[in-house]
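Colleague: Provided below: my_file.pdb, containing PDB, C-alpha atoms.
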```pdb
MODEL        1
ATOM      1  CA  ASP A   1      83.185-148.361  84.494  1.00  0.00           C
ATOM      2  CA  GLN A   2      83.662-151.669  86.320  1.00  0.00           C
ATOM      3  CA  GLN A   3      85.293-154.228  84.033  1.00  0.00           C
ATOM      4  CA  VAL A   4      84.864-156.983  86.607  1.00  0.00           C
ATOM      5  CA  LYS A   5      81.543-157.291  88.384  1.00  0.00           C
ATOM      6  CA  GLN A   6      80.317-159.305  91.322  1.00  0.00           C
ATOM      7  CA  ASN A   7      76.596-158.711  91.491  1.00  0.00           C
ATOM      8  CA  SER A   8      75.957-160.549  94.754  1.00  0.00           C
ATOM      9  CA  PRO A   9      77.280-158.593  97.740  1.00  0.00           C
ATOM     10  CA  SER A  10      76.616-161.482 100.116  1.00  0.00           C
ATOM     11  CA  LEU A  11      75.936-165.213 100.249  1.00  0.00           C
ATOM     12  CA  SER A  12      75.022-167.514 103.150  1.00  0.00           C
ATOM     13  CA  VAL A  13      75.528-171.264 102.959  1.00  0.00           C
ATOM     14  CA  GLN A  14      75.159-174.147 105.417  1.00  0.00           C
ATOM     15  CA  GLU A  15      78.341-175.932 106.469  1.00  0.00           C
ATOM     16  CA  GLY A  16      79.008-178.937 104.245  1.00  0.00           C
ATOM     17  CA  ARG A  17      77.024-177.582 101.298  1.00  0.00           C
ATOM     18  CA  ILE A  18      78.380-176.062  98.102  1.00  0.00           C
ATOM     19  CA  SER A  19      79.156-172.340  97.862  1.00  0.00           C
ATOM     20  CA  ILE A  20      78.994-170.814  94.381  1.00  0.00           C
ATOM     21  CA  LEU A  21      80.367-167.316  93.888  1.00  0.00           C
ATOM     22  CA  ASN A  22      79.864-165.620  90.546  1.00  0.00           C
ATOM     23  CA  CYS A  23      81.695-162.990  88.562  1.00  0.00           C
ATOM     24  CA  ASP A  24      81.134-161.307  85.187  1.00  0.00           C
ATOM     25  CA  TYR A  25      83.590-159.323  83.099  1.00  0.00           C
ATOM     26  CA  THR A  26      83.460-157.106  80.040  1.00  0.00           C
ATOM     27  CA  ASN A  27      87.009-157.012  78.644  1.00  0.00           C
ATOM     28  CA  SER A  28      87.685-159.878  76.211  1.00  0.00           C
ATOM     29  CA  MET A  29      91.448-159.176  76.437  1.00  0.00           C
ATOM     30  CA  PHE A  30      91.768-160.467  80.000  1.00  0.00           C
ATOM     31  CA  ASP A  31      94.284-163.332  79.996  1.00  0.00           C
ATOM     32  CA  TYR A  32      94.084-164.612  83.570  1.00  0.00           C
ATOM     33  CA  PHE A  33      91.269-164.760  86.071  1.00  0.00           C
ATOM     34  CA  LEU A  34      91.589-165.355  89.747  1.00  0.00           C
ATOM     35  CA  TRP A  35      89.978-165.341  93.125  1.00  0.00           C
ATOM     36  CA  TYR A  36      91.254-163.715  96.277  1.00  0.00           C
ATOM     37  CA  LYS A  37      89.961-164.211  99.794  1.00  0.00           C
ATOM     38  CA  LYS A  38      89.972-161.483 102.427  1.00  0.00           C
ATOM     39  CA  TYR A  39      89.469-161.654 106.188  1.00  0.00           C
ATOM     40  CA  PRO A  40      88.730-158.472 108.192  1.00  0.00           C
ATOM     41  CA  ALA A  41      91.763-156.280 108.939  1.00  0.00           C
ATOM     42  CA  GLU A  42      93.963-158.365 106.629  1.00  0.00           C
ATOM     43  CA  GLY A  43      95.063-158.019 103.038  1.00  0.00           C
ATOM     44  CA  PRO A  44      93.577-160.243 100.321  1.00  0.00           C
ATOM     45  CA  THR A  45      95.196-163.659  99.850  1.00  0.00           C
ATOM     46  CA  PHE A  46      95.483-165.418  96.511  1.00  0.00           C
ATOM     47  CA  LEU A  47      93.219-168.457  96.292  1.00  0.00           C
ATOM     48  CA  ILE A  48      93.084-169.893  92.778  1.00  0.00           C
ATOM     49  CA  SER A  49      93.557-168.796  89.179  1.00  0.00           C
ATOM     50  CA  ILE A  50      92.643-169.872  85.669  1.00  0.00           C
ATOM     51  CA  SER A  51      94.136-169.030  82.305  1.00  0.00           C
ATOM     52  CA  SER A  52      91.818-167.713  79.603  1.00  0.00           C
ATOM     53  CA  ILE A  53      92.641-170.791  77.487  1.00  0.00           C
ATOM     54  CA  LYS A  54      91.159-173.179  80.067  1.00  0.00           C
ATOM     55  CA  ASP A  55      87.638-173.678  81.313  1.00  0.00           C
ATOM     56  CA  LYS A  56      88.262-175.319  84.676  1.00  0.00           C
ATOM     57  CA  ASN A  57      90.891-175.383  87.378  1.00  0.00           C
ATOM     58  CA  GLU A  58      90.667-177.354  90.597  1.00  0.00           C
ATOM     59  CA  ASP A  59      92.605-177.102  93.852  1.00  0.00           C
ATOM     60  CA  GLY A  60      91.299-179.212  96.700  1.00  0.00           C
ATOM     61  CA  ARG A  61      87.882-177.942  97.741  1.00  0.00           C
ATOM     62  CA  PHE A  62      88.079-174.996  95.341  1.00  0.00           C
ATOM     63  CA  THR A  63      87.195-175.115  91.648  1.00  0.00           C
ATOM     64  CA  VAL A  64      87.055-172.185  89.263  1.00  0.00           C
ATOM     65  CA  PHE A  65      85.039-172.383  86.054  1.00  0.00           C
ATOM     66  CA  LEU A  66      85.451-170.021  83.106  1.00  0.00           C
ATOM     67  CA  ASN A  67      82.831-169.502  80.410  1.00  0.00           C
ATOM     68  CA  LYS A  68      84.458-167.183  77.872  1.00  0.00           C
ATOM     69  CA  SER A  69      81.471-166.948  75.579  1.00  0.00           C
ATOM     70  CA  ALA A  70      79.369-165.662  78.467  1.00  0.00           C
ATOM     71  CA  LYS A  71      82.271-163.677  79.992  1.00  0.00           C
ATOM     72  CA  HIS A  72      81.513-165.363  83.281  1.00  0.00           C
ATOM     73  CA  LEU A  73      83.491-167.185  85.922  1.00  0.00           C
ATOM     74  CA  SER A  74      82.504-168.871  89.111  1.00  0.00           C
ATOM     75  CA  LEU A  75      84.166-170.268  92.212  1.00  0.00           C
ATOM     76  CA  HIS A  76      82.805-173.456  93.752  1.00  0.00           C
ATOM     77  CA  ILE A  77      83.716-174.412  97.303  1.00  0.00           C
ATOM     78  CA  VAL A  78      82.808-177.965  98.279  1.00  0.00           C
ATOM     79  CA  PRO A  79      82.248-178.725 101.080  1.00  0.00           C
ATOM     80  CA  SER A  80      81.942-175.279 102.640  1.00  0.00           C
ATOM     81  CA  GLN A  81      83.485-174.824 106.082  1.00  0.00           C
ATOM     82  CA  PRO A  82      82.981-172.077 108.693  1.00  0.00           C
ATOM     83  CA  GLY A  83      86.605-170.981 108.144  1.00  0.00           C
ATOM     84  CA  ASP A  84      85.675-170.127 104.560  1.00  0.00           C
ATOM     85  CA  SER A  85      83.608-167.186 105.837  1.00  0.00           C
ATOM     86  CA  ALA A  86      85.312-164.151 104.273  1.00  0.00           C
ATOM     87  CA  VAL A  87      84.995-161.656 101.438  1.00  0.00           C
ATOM     88  CA  TYR A  88      85.875-163.157  98.058  1.00  0.00           C
ATOM     89  CA  PHE A  89      87.172-160.952  95.259  1.00  0.00           C
ATOM     90  CA  CYS A  90      87.170-161.940  91.641  1.00  0.00           C
ATOM     91  CA  ALA A  91      89.973-160.363  89.574  1.00  0.00           C
ATOM     92  CA  ALA A  92      91.240-160.361  85.999  1.00  0.00           C
ATOM     93  CA  SER A  93      94.562-159.383  84.513  1.00  0.00           C
ATOM     94  CA  VAL A  94      95.637-157.695  81.288  1.00  0.00           C
ATOM     95  CA  SER A  95      98.747-155.662  80.387  1.00  0.00           C
ATOM     96  CA  ASN A  96     100.289-155.689  83.868  1.00  0.00           C
ATOM     97  CA  ASN A  97      97.040-154.516  85.403  1.00  0.00           C
ATOM     98  CA  LEU A  98      94.818-156.438  87.766  1.00  0.00           C
ATOM     99  CA  PHE A  99      91.142-155.442  87.907  1.00  0.00           C
ATOM    100  CA  PHE A 100      89.097-156.441  90.920  1.00  0.00           C
ATOM    101  CA  GLY A 101      85.406-156.931  91.452  1.00  0.00           C
ATOM    102  CA  THR A 102      83.633-155.404  94.435  1.00  0.00           C
ATOM    103  CA  GLY A 103      83.613-158.616  96.443  1.00  0.00           C
ATOM    104  CA  THR A 104      81.063-161.102  97.809  1.00  0.00           C
ATOM    105  CA  ARG A 105      80.828-161.721 101.538  1.00  0.00           C
ATOM    106  CA  LEU A 106      80.433-165.459 102.148  1.00  0.00           C
ATOM    107  CA  THR A 107      79.032-166.638 105.466  1.00  0.00           C
ATOM    108  CA  VAL A 108      79.152-170.359 106.186  1.00  0.00           C
ATOM    109  CA  ILE A 109      76.674-171.262 108.891  1.00  0.00           C
ATOM    110  CA  PRO A 110      77.744-174.093 111.223  1.00  0.00           C
TER     111      PRO A 110
ATOM    112  CA  ASN B   1     109.510-164.123 107.120  1.00  0.00           C
ATOM    113  CA  ALA B   2     107.055-161.235 107.523  1.00  0.00           C
ATOM    114  CA  GLY B   3     105.826-161.131 103.892  1.00  0.00           C
ATOM    115  CA  VAL B   4     104.534-157.655 103.043  1.00  0.00           C
ATOM    116  CA  THR B   5     104.484-155.054 105.804  1.00  0.00           C
ATOM    117  CA  GLN B   6     102.864-151.616 105.740  1.00  0.00           C
ATOM    118  CA  THR B   7     103.176-148.628 108.023  1.00  0.00           C
ATOM    119  CA  PRO B   8     101.269-146.960 109.497  1.00  0.00           C
ATOM    120  CA  LYS B   9      98.143-149.071 110.102  1.00  0.00           C
ATOM    121  CA  PHE B  10      95.937-146.023 110.660  1.00  0.00           C
ATOM    122  CA  GLN B  11      96.340-142.331 109.847  1.00  0.00           C
ATOM    123  CA  VAL B  12      94.162-139.232 110.058  1.00  0.00           C
ATOM    124  CA  LEU B  13      95.179-136.212 107.978  1.00  0.00           C
ATOM    125  CA  LYS B  14      93.756-132.776 107.478  1.00  0.00           C
ATOM    126  CA  THR B  15      93.076-131.569 103.949  1.00  0.00           C
ATOM    127  CA  GLY B  16      96.296-130.277 102.385  1.00  0.00           C
ATOM    128  CA  GLN B  17      98.665-132.233 104.621  1.00  0.00           C
ATOM    129  CA  SER B  18     101.190-134.606 103.110  1.00  0.00           C
ATOM    130  CA  MET B  19     102.298-138.061 104.139  1.00  0.00           C
ATOM    131  CA  THR B  20     104.112-141.145 102.905  1.00  0.00           C
ATOM    132  CA  LEU B  21     102.842-144.693 103.237  1.00  0.00           C
ATOM    133  CA  GLN B  22     105.624-147.221 103.583  1.00  0.00           C
ATOM    134  CA  CYS B  23     105.687-150.759 102.224  1.00  0.00           C
ATOM    135  CA  ALA B  24     108.355-153.428 102.421  1.00  0.00           C
ATOM    136  CA  GLN B  25     108.526-157.068 101.321  1.00  0.00           C
ATOM    137  CA  ASP B  26     111.029-159.747 102.271  1.00  0.00           C
ATOM    138  CA  MET B  27     110.178-162.317  99.578  1.00  0.00           C
ATOM    139  CA  ASN B  28     112.687-161.040  97.004  1.00  0.00           C
ATOM    140  CA  HIS B  29     109.840-160.181  94.632  1.00  0.00           C
ATOM    141  CA  ASN B  30     110.517-158.060  91.580  1.00  0.00           C
ATOM    142  CA  SER B  31     107.142-156.333  91.281  1.00  0.00           C
ATOM    143  CA  MET B  32     105.294-154.191  93.788  1.00  0.00           C
ATOM    144  CA  TYR B  33     101.907-152.479  93.700  1.00  0.00           C
ATOM    145  CA  TRP B  34      99.758-149.916  95.492  1.00  0.00           C
ATOM    146  CA  TYR B  35      95.965-150.267  95.574  1.00  0.00           C
ATOM    147  CA  ARG B  36      93.147-148.409  97.201  1.00  0.00           C
ATOM    148  CA  GLN B  37      89.902-150.009  98.328  1.00  0.00           C
ATOM    149  CA  ASP B  38      86.750-147.949  98.606  1.00  0.00           C
ATOM    150  CA  PRO B  39      83.272-149.167  99.596  1.00  0.00           C
ATOM    151  CA  GLY B  40      81.457-150.611  96.579  1.00  0.00           C
ATOM    152  CA  MET B  41      84.497-150.143  94.301  1.00  0.00           C
ATOM    153  CA  GLY B  42      86.741-153.154  94.851  1.00  0.00           C
ATOM    154  CA  LEU B  43      90.512-152.660  94.770  1.00  0.00           C
ATOM    155  CA  ARG B  44      91.904-150.226  92.221  1.00  0.00           C
ATOM    156  CA  LEU B  45      95.528-150.034  91.143  1.00  0.00           C
ATOM    157  CA  ILE B  46      97.214-146.696  91.849  1.00  0.00           C
ATOM    158  CA  TYR B  47     100.814-147.353  90.762  1.00  0.00           C
ATOM    159  CA  TYR B  48     103.032-150.336  90.242  1.00  0.00           C
ATOM    160  CA  SER B  49     106.719-151.070  89.892  1.00  0.00           C
ATOM    161  CA  ALA B  50     107.582-153.999  87.638  1.00  0.00           C
ATOM    162  CA  SER B  51     111.191-153.991  88.804  1.00  0.00           C
ATOM    163  CA  GLU B  52     113.614-151.928  90.850  1.00  0.00           C
ATOM    164  CA  GLY B  53     114.052-148.508  89.277  1.00  0.00           C
ATOM    165  CA  THR B  54     110.790-148.494  87.304  1.00  0.00           C
ATOM    166  CA  THR B  55     107.314-147.236  88.140  1.00  0.00           C
ATOM    167  CA  ASP B  56     104.115-146.995  86.098  1.00  0.00           C
ATOM    168  CA  LYS B  57     100.669-145.539  86.553  1.00  0.00           C
ATOM    169  CA  GLY B  58      97.715-147.749  87.240  1.00  0.00           C
ATOM    170  CA  GLU B  59      94.015-147.036  87.035  1.00  0.00           C
ATOM    171  CA  VAL B  60      93.806-144.146  89.562  1.00  0.00           C
ATOM    172  CA  PRO B  61      97.211-142.393  89.853  1.00  0.00           C
ATOM    173  CA  ASN B  62      96.093-138.765  90.227  1.00  0.00           C
ATOM    174  CA  GLY B  63      97.120-137.152  93.510  1.00  0.00           C
ATOM    175  CA  TYR B  64      99.809-139.738  94.282  1.00  0.00           C
ATOM    176  CA  ASN B  65     103.518-140.265  93.735  1.00  0.00           C
ATOM    177  CA  VAL B  66     105.583-143.373  94.326  1.00  0.00           C
ATOM    178  CA  SER B  67     109.198-144.291  94.900  1.00  0.00           C
ATOM    179  CA  ARG B  68     110.760-147.696  94.465  1.00  0.00           C
ATOM    180  CA  LEU B  69     113.563-147.132  96.938  1.00  0.00           C
ATOM    181  CA  ASN B  70     115.176-150.537  96.411  1.00  0.00           C
ATOM    182  CA  LYS B  71     113.983-154.054  95.657  1.00  0.00           C
ATOM    183  CA  ARG B  72     112.349-154.382  99.079  1.00  0.00           C
ATOM    184  CA  GLU B  73     110.627-151.019  99.515  1.00  0.00           C
ATOM    185  CA  PHE B  74     107.909-149.163  97.613  1.00  0.00           C
ATOM    186  CA  SER B  75     106.440-145.989  99.103  1.00  0.00           C
ATOM    187  CA  LEU B  76     103.298-144.039  98.227  1.00  0.00           C
ATOM    188  CA  ARG B  77     103.185-140.279  98.821  1.00  0.00           C
ATOM    189  CA  LEU B  78     100.211-137.970  99.078  1.00  0.00           C
ATOM    190  CA  GLU B  79     101.544-134.440  98.540  1.00  0.00           C
ATOM    191  CA  SER B  80      98.325-132.584  99.393  1.00  0.00           C
ATOM    192  CA  ALA B  81      95.704-134.876 100.874  1.00  0.00           C
ATOM    193  CA  ALA B  82      92.052-134.480  99.883  1.00  0.00           C
ATOM    194  CA  PRO B  83      88.909-136.015 101.449  1.00  0.00           C
ATOM    195  CA  SER B  84      88.481-138.084  98.249  1.00  0.00           C
ATOM    196  CA  GLN B  85      91.668-139.931  99.235  1.00  0.00           C
ATOM    197  CA  THR B  86      90.024-141.366 102.320  1.00  0.00           C
ATOM    198  CA  SER B  87      90.394-145.082 101.717  1.00  0.00           C
ATOM    199  CA  VAL B  88      92.132-148.271 102.726  1.00  0.00           C
ATOM    200  CA  TYR B  89      95.496-148.603 100.967  1.00  0.00           C
ATOM    201  CA  PHE B  90      97.054-151.961 100.212  1.00  0.00           C
ATOM    202  CA  CYS B  91     100.557-152.694  99.074  1.00  0.00           C
ATOM    203  CA  ALA B  92     101.288-155.950  97.243  1.00  0.00           C
ATOM    204  CA  SER B  93     104.201-157.751  95.639  1.00  0.00           C
ATOM    205  CA  SER B  94     104.644-160.552  93.131  1.00  0.00           C
ATOM    206  CA  ALA B  95     107.533-162.648  91.844  1.00  0.00           C
ATOM    207  CA  ILE B  96     106.890-163.277  88.166  1.00  0.00           C
ATOM    208  CA  ARG B  97     103.198-163.661  87.579  1.00  0.00           C
ATOM    209  CA  ILE B  98     101.284-160.433  88.171  1.00  0.00           C
ATOM    210  CA  TYR B  99      98.168-162.173  89.367  1.00  0.00           C
ATOM    211  CA  GLU B 100      99.761-164.087  92.252  1.00  0.00           C
ATOM    212  CA  GLN B 101     100.204-161.037  94.391  1.00  0.00           C
ATOM    213  CA  TYR B 102     100.871-161.068  98.122  1.00  0.00           C
ATOM    214  CA  PHE B 103      99.177-158.260 100.001  1.00  0.00           C
ATOM    215  CA  GLY B 104     100.061-156.343 103.134  1.00  0.00           C
ATOM    216  CA  PRO B 105      97.491-155.777 105.910  1.00  0.00           C
ATOM    217  CA  GLY B 106      96.532-152.305 104.683  1.00  0.00           C
ATOM    218  CA  THR B 107      96.614-148.699 105.909  1.00  0.00           C
ATOM    219  CA  ARG B 108      93.327-147.040 106.792  1.00  0.00           C
ATOM    220  CA  LEU B 109      93.609-143.354 105.887  1.00  0.00           C
ATOM    221  CA  THR B 110      91.046-140.699 106.759  1.00  0.00           C
ATOM    222  CA  VAL B 111      91.328-137.175 105.362  1.00  0.00           C
ATOM    223  CA  THR B 112      89.152-134.590 107.085  1.00  0.00           C
TER     224      THR B 112
ENDMDL
END
```
Take the structure I supplied and represent it as structure tokens, if you would.
Modeller:
Amino acid sequence: DQQVKQNSPSLSVQEGRISILNCDYTNSMFDYFLWYKKYPAEGPTFLISISSIKDKNEDGRFTVFLNKSAKHLSLHIVPSQPGDSAVYFCAASVSNNLFFGTGTRLTVIP
Amino acid sequence: NAGVTQTPKFQVLKTGQSMTLQCAQDMNHNSMYWYRQDPGMGLRLIYYSASEGTTDKGEVPNGYNVSRLNKREFSLRLESAAPSQTSVYFCASSAIRIYEQYFGPGTRLTVT
């Protein structure tokens, strides 16, 4: 059973607009949440993380929001750029294990 | 500084054959991991090694063995390949925090 879910397989956004990628989880013991970005034929690369004791973390154009009561996190990319086109994986960690969602393919249209 | 390297990039096996996937990292990281990625399933942890000399099972360890040869190298062995092991395999490493993992480019394995 998937403990981390990304219900949108794909998302298209115009360049310069905001991209919002969503993720839901079921395990209340997760202590860190994070986003990875993956280009074709490459491994995932770490993008941004957030501790379970925080509700927001920002790094340049990327902001992650955590809503523990709803067991939901989201990644905001502002402004979106064509180079952001990739598959984004949400992940959560507990007890030396990292659980990944199925990914959302983001396409930023120039 | 190559980061995490994996060999081979592609492999086709027949059912019952064995093979070893190699992984090496040059970042002096303590922990290393093996994942598999299947369509619609995300990445799933097969085995990990928190430090040299130790290995532990992840979410989907059945049908695999691992060896942490030294701090740099972590290999994954399929003793008797099955079609269900057709997947893309990723190796990763991390320094201290498990979630900041650095991934290799992957090995695409097909078992016929």
Colleague: As a list of chain:residue names, please: the residues near Ser84 (chain B) (cut-off 9 Å, all atoms listed in the file, same-chain neighbours under 3 positions excluded).
Modeller: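 Contacts, in chain order: B:Ala81, B:Ser87, B:Val111.
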Colleague: From the set B:Gln17, B:Asn62, B:Thr107, B:Ser49, which residue has the shortest atom-to-atom contact distance to His29 (chain B), counting only C-alpha atoms?
Modeller: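 Of the candidates, the smallest distance to His29 (chain B) is held by B:Ser49.
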Colleague: Give the answer as one residue: which of B:Val12, B:Ala50, B:Leu21, B:Leu43 has the shortest atom-to-atom distance to Ser93 (chain B), using only C-alpha atoms?
Modeller: B:Ala50
Colleague: Any idea which chain B residues end up within 8 Å of chain A if we count all atoms listed in the file, as a ChimeraX atom specification please?
Modeller: /B:40-45,58,90,98-106
Colleague: Of the candidates B:Asn28, B:Ser18, B:Ser51, B:Ser75, which one gets nearest to Tyr89 (chain B) if we count only C-alpha atoms?
Modeller: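 With only C-alpha atoms as the atom set, the closest residue is B:Ser75.
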Colleague: Starting from the point (111.9, -163.1, 108.1), work out which residues of protein, DNA or RNA have an atom no more than 12 Å away when counting only C-alpha atoms; state them as number ranges by chain.
Modeller: B: 1-5, 24-28
Colleague: When the PyMOL selection byres ((chain A and resi 74) around 6) is applied to the structure above, which residues does it catch, written out as a PyMOL selection string?
Modeller: chain A and resi 21-23+64-65+73+75
Colleague: Include C-alpha atoms and write out the residues we just selected as a short mmCIF file (atom, residue, chain, number, x, y, z; two decimals), keeping the file's coordinate frame.
Modeller:
```cif
data_model
loop_
_atom_site.label_atom_id
_atom_site.label_comp_id
_atom_site.auth_asym_id
_atom_site.auth_seq_id
_atom_site.Cartn_x
_atom_site.Cartn_y
_atom_site.Cartn_z
CA LEU A 21 80.37 -167.32 93.89
CA ASN A 22 79.86 -165.62 90.55
CA CYS A 23 81.69 -162.99 88.56
CA VAL A 64 87.06 -172.18 89.26
CA PHE A 65 85.04 -172.38 86.05
CA LEU A 73 83.49 -167.18 85.92
CA LEU A 75 84.17 -170.27 92.21
#
```
Colleague: Within 9 Å of (79.9, -169.8, 105.3) in the file's own coordinates, which protein, DNA or RNA residues have an atom, counting all atoms listed in the file? List them as a ChimeraX atom specification.
Modeller: /A:11-15,19,80-86,105-110
Colleague: Thr104 (chain A): which residues within 6 Å, counting all atoms listed in the file, same-chain residues fewer than 5 positions away excluded, as a list in words?
Modeller: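 Near neighbours after the sequence-gap exclusion: Ser8, Pro9, Ser10, Val87 and Tyr88 of chain A.
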Colleague: Output, as JSON, the centre and edge lengths in Å (one decimal) of the axis-aligned box that contains all listed atoms of region 16-35 of chain B with 6 Å of margin on each side.
Modeller:
```
{"center_x": 104.3, "center_y": -146.3, "center_z": 98.0, "size_x": 28.7, "size_y": 44.0, "size_z": 25.3}
```
Colleague: Could you jot down the CA of Ala70 (chain A) to CA of Asp24 (chain A) separation for me, Å, one decimal place?
Modeller: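 Pair CA of Ala70 (chain A) / CA of Asp24 (chain A) returns 8.2 Å.
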Colleague: For the atom pair CA of Val78 (chain A) and CA of Ile53 (chain A), what is the interatomic distance in Å to one decimal place?
Modeller: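 Result for CA of Val78 (chain A) versus CA of Ile53 (chain A): 24.1 Å, one decimal.
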Colleague: When the PyMOL selection byres ((chain B and resi 95) around 6) is applied to the file above, which residues end up in the set, as a ChimeraX atom specification?
Modeller: /B:29-30,94,96
Colleague: Taking into account all atoms listed in the file, which residue in the set A:Asp1, A:Gly16, A:Ser28, A:Asn57 is nearest to Ser69 (chain A)?
Modeller: A:Ser28
Colleague: One decimal, Å: what's the distance from CA of Pro61 (chain B) over to CA of Trp34 (chain B), could you say?
Modeller: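 A separation of 9.7 Å between them.
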Colleague: Extract, using all atoms listed in the file, all DNA, RNA and protein residues at most 10 Å from Gly60 (chain A), discarding same-chain residues fewer than 2 positions from it, and format them as a PyMOL selection string.
Modeller: chain A and resi 58+62-63+77-78
Colleague: Under the rule that only C-alpha atoms are counted, which of B:Met32, B:Met19, B:Val60, B:Leu13 is the nearest residue to Cys91 (chain B)?
Modeller: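 Of the candidates, the smallest distance to Cys91 (chain B) is held by B:Met32.
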Colleague: Just the residues within 7 Å of Gln22 (chain B), please, counting only C-alpha atoms, with nothing from its chain fewer than 3 positions along; format it as a count of residues only.
Modeller: 5
Colleague: Got a sec to resolve the PyMOL selection byres ((chain B and resi 108) around 6) on this structure and send the residues as an MDAnalysis selection string?
Modeller: chainID B and resid 10 88 107 109
Colleague: Output region 39-53 of chain A as a PDB file, in the coordinates of the input, making sure N, CA, C and O atoms are there.
Modeller:
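Output below, filename result.pdb:
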```
ATOM      1  N   TYR A  39      90.016-161.698 104.838  1.00  0.00           N
ATOM      2  CA  TYR A  39      89.469-161.654 106.188  1.00  0.00           C
ATOM      3  C   TYR A  39      89.544-160.212 106.680  1.00  0.00           C
ATOM      4  O   TYR A  39      90.369-159.413 106.204  1.00  0.00           O
ATOM      5  N   PRO A  40      88.700-159.841 107.653  1.00  0.00           N
ATOM      6  CA  PRO A  40      88.730-158.472 108.192  1.00  0.00           C
ATOM      7  C   PRO A  40      90.114-158.091 108.714  1.00  0.00           C
ATOM      8  O   PRO A  40      90.810-158.911 109.309  1.00  0.00           O
ATOM      9  N   ALA A  41      90.502-156.856 108.460  1.00  0.00           N
ATOM     10  CA  ALA A  41      91.763-156.280 108.939  1.00  0.00           C
ATOM     11  C   ALA A  41      93.001-156.991 108.373  1.00  0.00           C
ATOM     12  O   ALA A  41      94.099-156.867 108.926  1.00  0.00           O
ATOM     13  N   GLU A  42      92.826-157.743 107.295  1.00  0.00           N
ATOM     14  CA  GLU A  42      93.963-158.365 106.629  1.00  0.00           C
ATOM     15  C   GLU A  42      93.916-158.017 105.145  1.00  0.00           C
ATOM     16  O   GLU A  42      92.890-157.609 104.611  1.00  0.00           O
ATOM     17  N   GLY A  43      95.062-158.191 104.476  1.00  0.00           N
ATOM     18  CA  GLY A  43      95.063-158.019 103.038  1.00  0.00           C
ATOM     19  C   GLY A  43      94.479-159.241 102.346  1.00  0.00           C
ATOM     20  O   GLY A  43      94.402-160.314 102.932  1.00  0.00           O
ATOM     21  N   PRO A  44      94.081-159.083 101.079  1.00  0.00           N
ATOM     22  CA  PRO A  44      93.577-160.243 100.321  1.00  0.00           C
ATOM     23  C   PRO A  44      94.669-161.296 100.168  1.00  0.00           C
ATOM     24  O   PRO A  44      95.857-160.976 100.091  1.00  0.00           O
ATOM     25  N   THR A  45      94.257-162.573 100.108  1.00  0.00           N
ATOM     26  CA  THR A  45      95.196-163.659  99.850  1.00  0.00           C
ATOM     27  C   THR A  45      94.765-164.404  98.598  1.00  0.00           C
ATOM     28  O   THR A  45      93.578-164.676  98.406  1.00  0.00           O
ATOM     29  N   PHE A  46      95.745-164.722  97.755  1.00  0.00           N
ATOM     30  CA  PHE A  46      95.483-165.418  96.511  1.00  0.00           C
ATOM     31  C   PHE A  46      94.922-166.814  96.783  1.00  0.00           C
ATOM     32  O   PHE A  46      95.427-167.546  97.626  1.00  0.00           O
ATOM     33  N   LEU A  47      93.877-167.174  96.057  1.00  0.00           N
ATOM     34  CA  LEU A  47      93.219-168.457  96.292  1.00  0.00           C
ATOM     35  C   LEU A  47      93.428-169.419  95.121  1.00  0.00           C
ATOM     36  O   LEU A  47      93.981-170.490  95.271  1.00  0.00           O
ATOM     37  N   ILE A  48      93.024-169.024  93.936  1.00  0.00           N
ATOM     38  CA  ILE A  48      93.084-169.893  92.778  1.00  0.00           C
ATOM     39  C   ILE A  48      92.997-169.049  91.514  1.00  0.00           C
ATOM     40  O   ILE A  48      92.416-167.957  91.543  1.00  0.00           O
ATOM     41  N   SER A  49      93.596-169.543  90.433  1.00  0.00           N
ATOM     42  CA  SER A  49      93.557-168.796  89.179  1.00  0.00           C
ATOM     43  C   SER A  49      93.220-169.717  88.018  1.00  0.00           C
ATOM     44  O   SER A  49      93.249-170.944  88.155  1.00  0.00           O
ATOM     45  N   ILE A  50      92.905-169.118  86.878  1.00  0.00           N
ATOM     46  CA  ILE A  50      92.643-169.872  85.669  1.00  0.00           C
ATOM     47  C   ILE A  50      93.065-169.039  84.468  1.00  0.00           C
ATOM     48  O   ILE A  50      92.809-167.832  84.417  1.00  0.00           O
ATOM     49  N   SER A  51      93.745-169.684  83.543  1.00  0.00           N
ATOM     50  CA  SER A  51      94.136-169.030  82.305  1.00  0.00           C
ATOM     51  C   SER A  51      92.917-168.909  81.394  1.00  0.00           C
ATOM     52  O   SER A  51      92.000-169.717  81.461  1.00  0.00           O
ATOM     53  N   SER A  52      92.949-167.914  80.530  1.00  0.00           N
ATOM     54  CA  SER A  52      91.818-167.713  79.603  1.00  0.00           C
ATOM     55  C   SER A  52      91.690-168.837  78.579  1.00  0.00           C
ATOM     56  O   SER A  52      90.672-168.945  77.903  1.00  0.00           O
ATOM     57  N   ILE A  53      92.719-169.700  78.462  1.00  0.00           N
ATOM     58  CA  ILE A  53      92.641-170.791  77.487  1.00  0.00           C
ATOM     59  C   ILE A  53      92.054-172.068  78.106  1.00  0.00           C
ATOM     60  O   ILE A  53      91.897-173.072  77.420  1.00  0.00           O
TER      61      ILE A  53
END
```
